[in-house]
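Participant: Pasting in a structure now, in structure tokens, and then I'll have a few things to ask.
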Amino acid sequence: MKLTLQQLKVFATIARHGNLGLAAGELCLSKGAVSQSLQELERQLATPLFDRVHPRLQLNNEGRLLQPAAEELLTRMQEIEQLFRPDAEPSGQLRLGASQTIGNYLLPSLLADSAHELGLPPRVTIANTHLLCHALANFELDLALIEGENHHPDLVSEPWLEDEMLIIAPPTHPLAAHAALSPERLDGETWVLREPQSGSREQFEQQLQPRLPHWRAGLELNTLEAVMLAVEHGLGLSFVSRLAVADRLQSGRLVALSLSQSFPRRLSLIWHKQKYHSAALRRFLAFCRSQQGPE
């Protein structure tokens, strides 16, 4: 048996995309060459690695066994190549994911402070928690920084930083002048929310919605900036991270309602349990953990 790194690279790329054409585009090969490489790999292993469900190729059980090993070998090879390229940094390029609150309000400063740890600038994907977990499960990302919950059995989630959810309103809202409001006092209000499966929406559905039997759905928006702007214009209340709304609270464009209880939450670091931790990934994880400070 003579497996080649090129065959494994083709396999891993097809596994991420589930499509020969998209894999061929990423690898700068013809679709025929990609198909031939996969067929030769399957011939040498004496087993199919995908179920052909036109127009997609879906990993079967054997393919799922091979995927983490192939990804690890390719990452190790990338590290070796980087070590001996005179014009390259001594580490590979990380593929990072971040949910919107972290990606827009925390990650830029983290990347600036950790630039010496990373070498090459990372490729960053900002999306909701559900989409990031899906990408991690398919080895499309090395690590994600999320604010929602991980529901995927193949992913490892590590508690990271403390955050707090706040109920925000325009300064002119009738409840803005009240102190120590119970959440039940908000029943009947209209809410501006993020899309389902986002971290902020999950927090609303778990912590507030069960206590608001007569809550009214207002706008549903897929960015935090749009949500906060809608609240500024009096279109409803919202439940957002202190990280996201801090500047608007300081400028007086929005207020946080005074409540009789707080809503703390943890941000998390998350990766595939079979993911090989390259030197760059290990360094960035250590840097993120150092931001926690003393317990």
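Scheme for the structure tokens: letters A, B, ... for chains in order shown; per-chain residue numbers from 1; ligand numbers from 1 in order shown.
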Please identify all polymer residues within 9 Å of segment 134-147 of chain A, counting only C-alpha atoms, omitting same-chain residues fewer than 5 positions from it, and present them as number ranges by chain.
Facilitator: A: 12, 15-17, 67-68, 71, 94-103, 107, 124-125, 128-129, 152, 154-155, 160, 163, 198-200, 265-272, 275-277, 281, 285
Participant: Using the chain letters and numbers from this document, which residues of segment 60-213 of chain A does DSSP assign to helix (DSSP H, G or I), as a short mmCIF file (atom, residue, chain, number, x, y, z; two decimals) with all heavy atoms, in the first residue's frame?
Facilitator:
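Resulting contents of part.cif:
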```
data_model
loop_
_atom_site.label_atom_id
_atom_site.label_comp_id
_atom_site.auth_asym_id
_atom_site.auth_seq_id
_atom_site.Cartn_x
_atom_site.Cartn_y
_atom_site.Cartn_z
N ASN A 61 -18.83 5.68 7.42
CA ASN A 61 -18.14 5.36 8.67
C ASN A 61 -16.63 5.27 8.49
O ASN A 61 -15.85 5.76 9.32
CB ASN A 61 -18.67 4.05 9.26
CG ASN A 61 -20.06 4.19 9.83
OD1 ASN A 61 -20.46 5.29 10.21
ND2 ASN A 61 -20.80 3.10 9.89
N GLU A 62 -16.19 4.66 7.37
CA GLU A 62 -14.75 4.53 7.12
C GLU A 62 -14.13 5.90 6.86
O GLU A 62 -13.02 6.20 7.32
CB GLU A 62 -14.52 3.60 5.92
CG GLU A 62 -14.78 2.13 6.20
CD GLU A 62 -16.27 1.79 6.30
OE1 GLU A 62 -17.09 2.61 5.82
OE2 GLU A 62 -16.59 0.72 6.85
N GLY A 63 -14.86 6.75 6.14
CA GLY A 63 -14.35 8.09 5.88
C GLY A 63 -14.23 8.91 7.15
O GLY A 63 -13.25 9.66 7.33
N ARG A 64 -15.19 8.75 8.06
CA ARG A 64 -15.12 9.49 9.32
C ARG A 64 -13.95 9.00 10.18
O ARG A 64 -13.39 9.78 10.96
CB ARG A 64 -16.45 9.36 10.07
CG ARG A 64 -17.55 10.27 9.50
CD ARG A 64 -18.76 10.29 10.41
NE ARG A 64 -19.51 9.05 10.33
CZ ARG A 64 -20.46 8.80 9.44
NH1 ARG A 64 -20.77 9.71 8.53
NH2 ARG A 64 -21.12 7.65 9.43
N LEU A 65 -13.58 7.73 10.06
CA LEU A 65 -12.40 7.23 10.77
C LEU A 65 -11.12 7.84 10.21
O LEU A 65 -10.18 8.15 10.95
CB LEU A 65 -12.33 5.70 10.67
CG LEU A 65 -13.30 4.89 11.52
CD1 LEU A 65 -13.18 3.40 11.18
CD2 LEU A 65 -13.00 5.09 13.01
N LEU A 66 -11.08 8.00 8.90
CA LEU A 66 -9.86 8.50 8.26
C LEU A 66 -9.70 10.01 8.41
O LEU A 66 -8.57 10.50 8.51
CB LEU A 66 -9.88 8.15 6.76
CG LEU A 66 -8.70 8.66 5.92
CD1 LEU A 66 -7.39 8.09 6.45
CD2 LEU A 66 -8.90 8.28 4.45
N GLN A 67 -10.79 10.77 8.48
CA GLN A 67 -10.70 12.23 8.41
C GLN A 67 -9.78 12.84 9.48
O GLN A 67 -8.89 13.62 9.14
CB GLN A 67 -12.09 12.87 8.47
CG GLN A 67 -12.06 14.37 8.20
CD GLN A 67 -13.42 15.01 8.31
OE1 GLN A 67 -14.30 14.51 9.01
NE2 GLN A 67 -13.60 16.12 7.61
N PRO A 68 -9.94 12.54 10.78
CA PRO A 68 -9.04 13.19 11.75
C PRO A 68 -7.58 12.81 11.57
O PRO A 68 -6.69 13.64 11.76
CB PRO A 68 -9.58 12.72 13.11
CG PRO A 68 -10.44 11.54 12.82
CD PRO A 68 -10.98 11.72 11.43
N ALA A 69 -7.30 11.54 11.17
CA ALA A 69 -5.91 11.13 10.95
C ALA A 69 -5.32 11.87 9.76
O ALA A 69 -4.16 12.31 9.79
CB ALA A 69 -5.84 9.61 10.74
N ALA A 70 -6.11 12.03 8.69
CA ALA A 70 -5.63 12.75 7.50
C ALA A 70 -5.38 14.21 7.83
O ALA A 70 -4.36 14.79 7.43
CB ALA A 70 -6.65 12.61 6.37
N GLU A 71 -6.30 14.84 8.58
CA GLU A 71 -6.12 16.25 8.95
C GLU A 71 -4.87 16.43 9.80
O GLU A 71 -4.13 17.40 9.65
CB GLU A 71 -7.36 16.75 9.70
CG GLU A 71 -8.61 16.86 8.85
CD GLU A 71 -8.63 18.13 8.00
OE1 GLU A 71 -7.70 18.95 8.12
OE2 GLU A 71 -9.59 18.29 7.22
N GLU A 72 -4.62 15.49 10.71
CA GLU A 72 -3.43 15.59 11.56
C GLU A 72 -2.15 15.48 10.73
O GLU A 72 -1.22 16.28 10.89
CB GLU A 72 -3.45 14.50 12.64
CG GLU A 72 -2.19 14.51 13.50
CD GLU A 72 -2.23 13.47 14.62
OE1 GLU A 72 -3.32 12.95 14.91
OE2 GLU A 72 -1.16 13.19 15.19
N LEU A 73 -2.10 14.51 9.81
CA LEU A 73 -0.92 14.35 8.97
C LEU A 73 -0.66 15.59 8.13
O LEU A 73 0.48 16.05 7.98
CB LEU A 73 -1.08 13.12 8.07
CG LEU A 73 -0.82 11.76 8.72
CD1 LEU A 73 -1.23 10.65 7.76
CD2 LEU A 73 0.66 11.62 9.08
N LEU A 74 -1.71 16.16 7.57
CA LEU A 74 -1.56 17.35 6.72
C LEU A 74 -1.10 18.55 7.53
O LEU A 74 -0.30 19.37 7.06
CB LEU A 74 -2.88 17.64 5.99
CG LEU A 74 -3.29 16.58 4.96
CD1 LEU A 74 -4.72 16.82 4.49
CD2 LEU A 74 -2.33 16.59 3.77
N THR A 75 -1.62 18.68 8.76
CA THR A 75 -1.18 19.78 9.61
C THR A 75 0.29 19.62 9.98
O THR A 75 1.06 20.59 9.98
CB THR A 75 -2.03 19.85 10.88
OG1 THR A 75 -3.40 20.01 10.52
CG2 THR A 75 -1.61 21.03 11.76
N ARG A 76 0.70 18.39 10.30
CA ARG A 76 2.11 18.15 10.63
C ARG A 76 3.00 18.44 9.43
O ARG A 76 4.10 19.02 9.56
CB ARG A 76 2.30 16.70 11.10
CG ARG A 76 1.73 16.41 12.48
CD ARG A 76 1.96 14.95 12.86
NE ARG A 76 1.39 14.63 14.14
CZ ARG A 76 2.03 14.74 15.31
NH1 ARG A 76 3.28 15.21 15.33
NH2 ARG A 76 1.45 14.40 16.44
N MET A 77 2.56 18.06 8.23
CA MET A 77 3.34 18.34 7.03
C MET A 77 3.46 19.83 6.79
O MET A 77 4.53 20.35 6.42
CB MET A 77 2.69 17.65 5.82
CG MET A 77 3.44 17.90 4.50
SD MET A 77 5.19 17.43 4.57
CE MET A 77 5.04 15.66 4.78
N GLN A 78 2.36 20.57 7.04
CA GLN A 78 2.41 22.02 6.88
C GLN A 78 3.44 22.63 7.83
O GLN A 78 4.19 23.54 7.47
CB GLN A 78 1.03 22.63 7.14
CG GLN A 78 0.96 24.13 6.90
CD GLN A 78 -0.37 24.71 7.30
OE1 GLN A 78 -0.92 24.41 8.36
NE2 GLN A 78 -0.94 25.54 6.43
N GLU A 79 3.49 22.11 9.06
CA GLU A 79 4.47 22.62 10.03
C GLU A 79 5.89 22.35 9.56
O GLU A 79 6.78 23.20 9.68
CB GLU A 79 4.24 21.97 11.40
CG GLU A 79 3.02 22.46 12.12
CD GLU A 79 2.96 21.93 13.54
OE1 GLU A 79 3.27 20.75 13.76
OE2 GLU A 79 2.61 22.72 14.43
N ILE A 80 6.14 21.16 9.00
CA ILE A 80 7.47 20.83 8.50
C ILE A 80 7.85 21.76 7.36
O ILE A 80 8.97 22.30 7.30
CB ILE A 80 7.53 19.36 8.05
CG1 ILE A 80 7.39 18.43 9.26
CG2 ILE A 80 8.84 19.07 7.31
CD1 ILE A 80 7.22 16.97 8.89
N GLU A 81 6.91 21.99 6.43
CA GLU A 81 7.19 22.89 5.31
C GLU A 81 7.50 24.30 5.79
O GLU A 81 8.41 24.97 5.28
CB GLU A 81 6.00 22.91 4.35
CG GLU A 81 5.80 21.59 3.59
CD GLU A 81 4.51 21.59 2.79
OE1 GLU A 81 3.65 22.46 3.05
OE2 GLU A 81 4.36 20.73 1.91
N GLN A 82 6.74 24.77 6.81
CA GLN A 82 6.96 26.12 7.33
C GLN A 82 8.33 26.24 7.97
O GLN A 82 9.00 27.28 7.87
CB GLN A 82 5.87 26.47 8.35
CG GLN A 82 4.48 26.63 7.74
CD GLN A 82 4.37 27.90 6.91
OE1 GLN A 82 5.14 28.82 7.07
NE2 GLN A 82 3.38 27.95 6.04
N LEU A 83 8.79 25.18 8.66
CA LEU A 83 10.07 25.22 9.34
C LEU A 83 11.22 25.48 8.39
O LEU A 83 12.21 26.14 8.74
CB LEU A 83 10.32 23.90 10.08
CG LEU A 83 9.60 23.71 11.41
CD1 LEU A 83 9.82 22.29 11.92
CD2 LEU A 83 10.09 24.71 12.45
N GLN A 100 -20.62 36.10 17.05
CA GLN A 100 -20.61 37.51 16.69
C GLN A 100 -20.15 38.44 17.80
O GLN A 100 -19.40 39.39 17.56
CB GLN A 100 -21.99 37.92 16.18
CG GLN A 100 -22.25 37.45 14.77
CD GLN A 100 -23.23 38.34 14.05
OE1 GLN A 100 -23.44 39.49 14.39
NE2 GLN A 100 -23.86 37.79 13.04
N THR A 101 -20.60 38.21 19.02
CA THR A 101 -20.18 39.09 20.10
C THR A 101 -18.66 39.06 20.26
O THR A 101 -18.00 40.11 20.33
CB THR A 101 -20.84 38.67 21.43
OG1 THR A 101 -22.25 38.80 21.31
CG2 THR A 101 -20.35 39.53 22.58
N ILE A 102 -18.09 37.86 20.29
CA ILE A 102 -16.65 37.73 20.45
C ILE A 102 -15.92 38.25 19.22
O ILE A 102 -14.94 39.00 19.32
CB ILE A 102 -16.28 36.26 20.72
CG1 ILE A 102 -16.92 35.79 22.03
CG2 ILE A 102 -14.76 36.08 20.78
CD1 ILE A 102 -16.80 34.29 22.28
N GLY A 103 -16.41 37.87 18.04
CA GLY A 103 -15.73 38.24 16.80
C GLY A 103 -15.69 39.74 16.57
O GLY A 103 -14.69 40.27 16.07
N ASN A 104 -16.75 40.44 16.94
CA ASN A 104 -16.82 41.87 16.67
C ASN A 104 -16.29 42.74 17.80
O ASN A 104 -15.83 43.85 17.54
CB ASN A 104 -18.27 42.26 16.37
CG ASN A 104 -18.73 41.75 15.02
OD1 ASN A 104 -18.07 41.94 14.01
ND2 ASN A 104 -19.88 41.08 14.99
N TYR A 105 -16.35 42.25 19.04
CA TYR A 105 -16.04 43.13 20.18
C TYR A 105 -14.87 42.67 21.04
O TYR A 105 -14.42 43.42 21.89
CB TYR A 105 -17.30 43.29 21.05
CG TYR A 105 -18.48 43.78 20.26
CD1 TYR A 105 -19.48 42.91 19.85
CD2 TYR A 105 -18.57 45.11 19.87
CE1 TYR A 105 -20.55 43.35 19.09
CE2 TYR A 105 -19.64 45.56 19.10
CZ TYR A 105 -20.63 44.67 18.73
OH TYR A 105 -21.69 45.11 17.97
N LEU A 107 -12.40 39.71 19.76
CA LEU A 107 -11.34 39.05 18.99
C LEU A 107 -10.32 40.03 18.40
O LEU A 107 -9.11 39.72 18.42
CB LEU A 107 -11.95 38.19 17.88
CG LEU A 107 -10.96 37.33 17.10
CD1 LEU A 107 -10.26 36.33 18.01
CD2 LEU A 107 -11.68 36.60 15.96
N PRO A 108 -10.70 41.19 17.87
CA PRO A 108 -9.66 42.09 17.31
C PRO A 108 -8.56 42.43 18.31
O PRO A 108 -7.37 42.39 17.97
CB PRO A 108 -10.47 43.33 16.90
CG PRO A 108 -11.83 42.80 16.59
CD PRO A 108 -12.06 41.72 17.61
N SER A 109 -8.92 42.74 19.55
CA SER A 109 -7.88 43.05 20.53
C SER A 109 -7.08 41.81 20.91
O SER A 109 -5.86 41.88 21.14
CB SER A 109 -8.51 43.68 21.78
OG SER A 109 -9.41 42.78 22.41
N LEU A 110 -7.73 40.64 20.96
CA LEU A 110 -7.00 39.40 21.23
C LEU A 110 -5.96 39.13 20.16
O LEU A 110 -4.82 38.75 20.46
CB LEU A 110 -7.97 38.21 21.31
CG LEU A 110 -8.80 38.04 22.58
CD1 LEU A 110 -9.75 36.87 22.40
CD2 LEU A 110 -7.90 37.81 23.79
N LEU A 111 -6.34 39.30 18.90
CA LEU A 111 -5.41 39.04 17.81
C LEU A 111 -4.26 40.04 17.81
O LEU A 111 -3.11 39.69 17.53
CB LEU A 111 -6.14 39.07 16.47
CG LEU A 111 -7.18 37.97 16.25
CD1 LEU A 111 -7.83 38.10 14.89
CD2 LEU A 111 -6.54 36.58 16.40
N ALA A 112 -4.57 41.29 18.13
CA ALA A 112 -3.50 42.29 18.20
C ALA A 112 -2.50 41.94 19.30
O ALA A 112 -1.28 42.04 19.11
CB ALA A 112 -4.10 43.68 18.44
N ASP A 113 -3.01 41.51 20.46
CA ASP A 113 -2.14 41.20 21.59
C ASP A 113 -1.38 39.89 21.42
O ASP A 113 -0.36 39.67 22.07
CB ASP A 113 -2.95 41.14 22.89
CG ASP A 113 -3.51 42.50 23.29
OD1 ASP A 113 -2.99 43.52 22.79
OD2 ASP A 113 -4.45 42.53 24.09
N ALA A 115 -0.33 38.64 18.36
CA ALA A 115 0.28 38.56 17.03
C ALA A 115 1.62 37.82 17.06
O ALA A 115 1.93 37.03 16.16
CB ALA A 115 0.46 39.96 16.45
N HIS A 116 2.41 38.05 18.11
CA HIS A 116 3.71 37.39 18.20
C HIS A 116 3.57 35.90 18.47
O HIS A 116 4.51 35.13 18.24
CB HIS A 116 4.57 38.04 19.30
CG HIS A 116 4.00 37.88 20.67
ND1 HIS A 116 2.87 38.56 21.09
CD2 HIS A 116 4.39 37.09 21.72
CE1 HIS A 116 2.60 38.22 22.35
NE2 HIS A 116 3.49 37.34 22.75
N GLU A 117 2.41 35.46 18.97
CA GLU A 117 2.17 34.04 19.24
C GLU A 117 1.78 33.29 17.98
O GLU A 117 2.01 32.08 17.86
CB GLU A 117 1.05 33.87 20.27
CG GLU A 117 1.25 34.62 21.58
CD GLU A 117 2.25 33.94 22.48
OE1 GLU A 117 2.55 32.77 22.25
OE2 GLU A 117 2.75 34.61 23.40
N LEU A 118 1.17 33.99 17.02
CA LEU A 118 0.53 33.32 15.89
C LEU A 118 1.43 33.17 14.67
O LEU A 118 1.25 32.25 13.89
CB LEU A 118 -0.74 34.09 15.49
CG LEU A 118 -1.87 34.08 16.51
CD1 LEU A 118 -3.02 34.95 16.05
CD2 LEU A 118 -2.36 32.65 16.74
N THR A 129 -23.13 30.40 16.76
CA THR A 129 -22.55 29.24 17.43
C THR A 129 -22.87 27.94 16.69
O THR A 129 -22.00 27.07 16.53
CB THR A 129 -23.06 29.18 18.88
OG1 THR A 129 -22.56 30.32 19.60
CG2 THR A 129 -22.61 27.91 19.59
N HIS A 130 -24.09 27.78 16.23
CA HIS A 130 -24.49 26.55 15.54
C HIS A 130 -23.64 26.32 14.31
O HIS A 130 -23.15 25.20 14.07
CB HIS A 130 -25.97 26.63 15.17
CG HIS A 130 -26.45 25.49 14.34
ND1 HIS A 130 -26.70 24.23 14.86
CD2 HIS A 130 -26.72 25.40 13.01
CE1 HIS A 130 -27.10 23.42 13.90
NE2 HIS A 130 -27.12 24.10 12.77
N LEU A 131 -23.44 27.36 13.49
CA LEU A 131 -22.65 27.21 12.26
C LEU A 131 -21.19 26.93 12.58
O LEU A 131 -20.52 26.15 11.89
CB LEU A 131 -22.79 28.46 11.40
CG LEU A 131 -24.18 28.72 10.82
CD1 LEU A 131 -24.21 30.06 10.09
CD2 LEU A 131 -24.60 27.59 9.88
N LEU A 132 -20.66 27.55 13.63
CA LEU A 132 -19.27 27.30 14.00
C LEU A 132 -19.07 25.86 14.46
O LEU A 132 -18.06 25.23 14.11
CB LEU A 132 -18.85 28.27 15.10
CG LEU A 132 -18.77 29.75 14.71
CD1 LEU A 132 -18.47 30.61 15.92
CD2 LEU A 132 -17.74 29.99 13.62
N CYS A 133 -20.00 25.35 15.25
CA CYS A 133 -19.88 23.95 15.70
C CYS A 133 -19.93 22.99 14.51
O CYS A 133 -19.21 21.99 14.47
CB CYS A 133 -20.99 23.63 16.70
SG CYS A 133 -20.77 24.43 18.32
N HIS A 134 -20.77 23.30 13.54
CA HIS A 134 -20.85 22.46 12.33
C HIS A 134 -19.51 22.49 11.59
O HIS A 134 -19.02 21.45 11.13
CB HIS A 134 -21.97 22.97 11.43
CG HIS A 134 -22.12 22.19 10.15
ND1 HIS A 134 -22.71 20.94 10.12
CD2 HIS A 134 -21.74 22.48 8.88
CE1 HIS A 134 -22.69 20.49 8.87
NE2 HIS A 134 -22.11 21.40 8.10
N ALA A 135 -18.91 23.67 11.47
CA ALA A 135 -17.61 23.79 10.79
C ALA A 135 -16.52 23.04 11.54
O ALA A 135 -15.67 22.37 10.93
CB ALA A 135 -17.25 25.26 10.62
N LEU A 136 -16.50 23.13 12.86
CA LEU A 136 -15.52 22.39 13.66
C LEU A 136 -15.69 20.89 13.49
O LEU A 136 -14.71 20.15 13.38
CB LEU A 136 -15.66 22.76 15.14
CG LEU A 136 -15.15 24.14 15.56
CD1 LEU A 136 -15.68 24.48 16.95
CD2 LEU A 136 -13.64 24.20 15.55
N ALA A 137 -16.93 20.43 13.48
CA ALA A 137 -17.20 19.00 13.34
C ALA A 137 -16.70 18.47 12.01
O ALA A 137 -16.36 17.29 11.88
CB ALA A 137 -18.70 18.73 13.49
N PRO A 174 -40.23 53.71 29.26
CA PRO A 174 -40.85 53.91 30.59
C PRO A 174 -40.19 53.11 31.71
O PRO A 174 -40.19 53.54 32.87
CB PRO A 174 -42.29 53.45 30.37
CG PRO A 174 -42.54 53.61 28.91
CD PRO A 174 -41.23 53.36 28.23
N LEU A 175 -39.61 51.94 31.40
CA LEU A 175 -39.00 51.12 32.45
C LEU A 175 -37.57 51.55 32.80
O LEU A 175 -37.00 51.06 33.76
CB LEU A 175 -38.98 49.65 32.02
CG LEU A 175 -40.35 48.96 31.89
CD1 LEU A 175 -40.18 47.54 31.38
CD2 LEU A 175 -41.10 48.96 33.23
N ALA A 176 -37.02 52.49 32.01
CA ALA A 176 -35.63 52.90 32.23
C ALA A 176 -35.43 53.57 33.58
O ALA A 176 -34.33 53.53 34.14
CB ALA A 176 -35.17 53.82 31.11
N ALA A 177 -36.48 54.17 34.13
CA ALA A 177 -36.35 54.89 35.40
C ALA A 177 -36.59 53.99 36.61
O ALA A 177 -36.43 54.44 37.75
CB ALA A 177 -37.32 56.06 35.43
N PRO A 183 -37.76 40.14 36.27
CA PRO A 183 -37.97 39.81 34.86
C PRO A 183 -39.45 39.74 34.48
O PRO A 183 -39.83 40.08 33.36
CB PRO A 183 -37.27 38.45 34.71
CG PRO A 183 -36.21 38.46 35.75
CD PRO A 183 -36.81 39.21 36.92
N GLU A 184 -40.29 39.31 35.43
CA GLU A 184 -41.72 39.21 35.14
C GLU A 184 -42.35 40.56 34.81
O GLU A 184 -43.38 40.63 34.12
CB GLU A 184 -42.45 38.56 36.31
CG GLU A 184 -42.19 37.06 36.48
CD GLU A 184 -40.82 36.75 37.08
OE1 GLU A 184 -40.15 37.69 37.56
OE2 GLU A 184 -40.43 35.57 37.06
N ARG A 185 -41.75 41.67 35.28
CA ARG A 185 -42.27 43.00 34.97
C ARG A 185 -42.13 43.32 33.48
O ARG A 185 -42.73 44.29 32.99
CB ARG A 185 -41.50 44.07 35.77
CG ARG A 185 -41.89 44.16 37.24
CD ARG A 185 -43.25 44.86 37.43
NE ARG A 185 -43.31 46.18 36.84
CZ ARG A 185 -42.87 47.30 37.39
NH1 ARG A 185 -42.29 47.25 38.58
NH2 ARG A 185 -43.00 48.46 36.77
N LEU A 186 -41.36 42.52 32.76
CA LEU A 186 -41.13 42.76 31.33
C LEU A 186 -42.12 42.01 30.45
O LEU A 186 -42.05 42.10 29.23
CB LEU A 186 -39.70 42.34 30.96
CG LEU A 186 -38.58 42.95 31.80
CD1 LEU A 186 -37.25 42.33 31.44
CD2 LEU A 186 -38.55 44.45 31.64
N GLY A 199 -25.97 32.50 19.97
CA GLY A 199 -25.77 32.45 21.41
C GLY A 199 -26.71 33.36 22.17
O GLY A 199 -27.28 32.98 23.21
N SER A 200 -26.90 34.59 21.68
CA SER A 200 -27.78 35.54 22.36
C SER A 200 -29.22 35.05 22.37
O SER A 200 -29.93 35.19 23.37
CB SER A 200 -27.71 36.91 21.67
OG SER A 200 -26.40 37.43 21.72
N ARG A 201 -29.67 34.48 21.27
CA ARG A 201 -31.04 33.97 21.20
C ARG A 201 -31.22 32.79 22.16
O ARG A 201 -32.25 32.68 22.85
CB ARG A 201 -31.36 33.54 19.76
CG ARG A 201 -32.78 33.02 19.53
CD ARG A 201 -33.84 34.11 19.79
NE ARG A 201 -35.15 33.65 19.39
CZ ARG A 201 -35.69 33.89 18.18
NH1 ARG A 201 -34.99 34.59 17.27
NH2 ARG A 201 -36.88 33.45 17.87
N GLU A 202 -30.22 31.91 22.23
CA GLU A 202 -30.28 30.79 23.17
C GLU A 202 -30.44 31.29 24.60
O GLU A 202 -31.22 30.75 25.38
CB GLU A 202 -29.00 29.94 23.08
CG GLU A 202 -29.12 28.74 22.17
CD GLU A 202 -27.93 27.80 22.31
OE1 GLU A 202 -27.01 28.08 23.11
OE2 GLU A 202 -27.92 26.78 21.62
N GLN A 203 -29.67 32.34 24.94
CA GLN A 203 -29.75 32.89 26.29
C GLN A 203 -31.15 33.43 26.58
O GLN A 203 -31.70 33.23 27.66
CB GLN A 203 -28.71 34.00 26.46
CG GLN A 203 -27.27 33.52 26.45
CD GLN A 203 -26.92 32.80 27.73
OE1 GLN A 203 -27.27 33.23 28.82
NE2 GLN A 203 -26.22 31.69 27.61
N PHE A 204 -31.74 34.14 25.62
CA PHE A 204 -33.09 34.67 25.80
C PHE A 204 -34.09 33.53 26.01
O PHE A 204 -34.93 33.57 26.92
CB PHE A 204 -33.50 35.52 24.60
CG PHE A 204 -34.92 36.00 24.67
CD1 PHE A 204 -35.26 37.12 25.43
CD2 PHE A 204 -35.94 35.34 23.98
CE1 PHE A 204 -36.58 37.56 25.51
CE2 PHE A 204 -37.26 35.78 24.05
CZ PHE A 204 -37.57 36.89 24.82
N GLU A 205 -34.00 32.51 25.16
CA GLU A 205 -34.96 31.41 25.23
C GLU A 205 -34.83 30.62 26.52
O GLU A 205 -35.83 30.11 27.03
CB GLU A 205 -34.76 30.50 24.01
CG GLU A 205 -35.18 31.15 22.70
CD GLU A 205 -34.82 30.34 21.48
OE1 GLU A 205 -34.00 29.39 21.60
OE2 GLU A 205 -35.31 30.67 20.38
N GLN A 206 -33.63 30.51 27.06
CA GLN A 206 -33.44 29.73 28.28
C GLN A 206 -33.72 30.52 29.55
O GLN A 206 -34.31 30.00 30.49
CB GLN A 206 -32.00 29.20 28.32
CG GLN A 206 -31.70 28.15 27.25
CD GLN A 206 -30.22 27.80 27.20
OE1 GLN A 206 -29.42 28.25 28.03
NE2 GLN A 206 -29.84 27.01 26.22
N GLN A 207 -33.32 31.79 29.58
CA GLN A 207 -33.37 32.53 30.83
C GLN A 207 -34.55 33.47 30.97
O GLN A 207 -35.00 33.73 32.09
CB GLN A 207 -32.06 33.33 31.00
CG GLN A 207 -30.83 32.44 31.01
CD GLN A 207 -29.66 33.10 31.69
OE1 GLN A 207 -29.75 33.54 32.84
NE2 GLN A 207 -28.54 33.20 30.99
N LEU A 208 -35.06 33.99 29.87
CA LEU A 208 -36.14 34.97 29.97
C LEU A 208 -37.48 34.48 29.43
O LEU A 208 -38.53 34.67 30.06
CB LEU A 208 -35.75 36.27 29.24
CG LEU A 208 -34.74 37.17 29.93
CD1 LEU A 208 -34.49 38.41 29.08
CD2 LEU A 208 -35.23 37.59 31.31
N GLN A 209 -37.47 33.88 28.27
CA GLN A 209 -38.74 33.53 27.62
C GLN A 209 -39.68 32.71 28.50
O GLN A 209 -40.89 32.98 28.53
CB GLN A 209 -38.46 32.80 26.30
CG GLN A 209 -39.72 32.56 25.47
CD GLN A 209 -39.39 31.95 24.11
OE1 GLN A 209 -38.34 32.21 23.54
NE2 GLN A 209 -40.29 31.13 23.60
N PRO A 210 -39.18 31.71 29.27
CA PRO A 210 -40.10 30.94 30.12
C PRO A 210 -40.82 31.79 31.17
O PRO A 210 -41.86 31.38 31.69
CB PRO A 210 -39.19 29.90 30.78
CG PRO A 210 -38.02 29.78 29.86
CD PRO A 210 -37.81 31.15 29.32
N ARG A 211 -40.27 32.97 31.48
CA ARG A 211 -40.87 33.82 32.52
C ARG A 211 -41.72 34.93 31.90
O ARG A 211 -42.22 35.79 32.63
CB ARG A 211 -39.75 34.41 33.37
CG ARG A 211 -38.88 33.32 33.98
CD ARG A 211 -37.58 33.83 34.54
NE ARG A 211 -37.77 34.61 35.75
CZ ARG A 211 -36.78 35.00 36.53
NH1 ARG A 211 -35.52 34.69 36.22
NH2 ARG A 211 -37.01 35.71 37.62
#
```
Participant: Find the residues near Val10 of chain A: any atom within 10 Å, counting only C-alpha atoms, skip ones fewer than 6 places away on the same chain, and give them as a VMD selection string.
Facilitator: chain A and resid 20 23 to 24 26 to 27 29 33 to 38 41 70
Participant: Could you dump the residues just selected with C-alpha atoms as a compact mmCIF listing (two decimals), in the first residue's frame?
Facilitator:
```txt
# COMPACT_ATOMS: atom_id res chain seq x y z
CA LEU A 20 -15.79 17.32 -6.16
CA ALA A 23 -12.62 20.61 -3.80
CA ALA A 24 -11.05 20.87 -7.26
CA GLU A 26 -9.61 24.89 -3.75
CA LEU A 27 -6.82 22.53 -4.87
CA LEU A 29 -6.89 20.77 -9.97
CA ALA A 33 -7.88 14.67 -11.34
CA VAL A 34 -9.60 15.00 -7.98
CA SER A 35 -11.97 12.14 -8.77
CA GLN A 36 -9.08 9.94 -9.95
CA SER A 37 -7.05 10.65 -6.79
CA LEU A 38 -10.01 9.72 -4.58
CA LEU A 41 -7.10 6.13 -2.43
CA ALA A 70 -5.63 12.75 7.50
```
Participant: Which polymer residues have any atom within 12 Å of an atom of Ala246 of chain A, counting only C-alpha atoms, with same-chain residues fewer than 2 positions away left out, as a list in words?
Facilitator: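 The contact residues come out as Thr101, Tyr105, Leu106, Asp163, Glu164, Met165, Leu166, Ile168, Met228, Val240, Ser241, Arg242, Leu243, Ala244, Arg248, Leu249, Gln250, Ser251, Gly252, Arg253, Leu254, Val255 and Ala256 of chain A.
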Participant: From segment 95-189 of chain A, collect each residue whose DSSP state is strand (DSSP E) and return the set as a VMD selection string.
Facilitator: chain A and resid 95 to 98 123 to 126 143 to 146 155 to 169
Participant: Compile the contact shell of Trp215 of chain A as a list in words: residues with an atom at most 8 Å away, counting only C-alpha atoms, same-chain residues fewer than 5 positions apart removed.
Facilitator: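 My list of contacting residues is Leu186, Asp187, Gly188, Glu189, Thr190, Trp191 and Gln209 of chain A.
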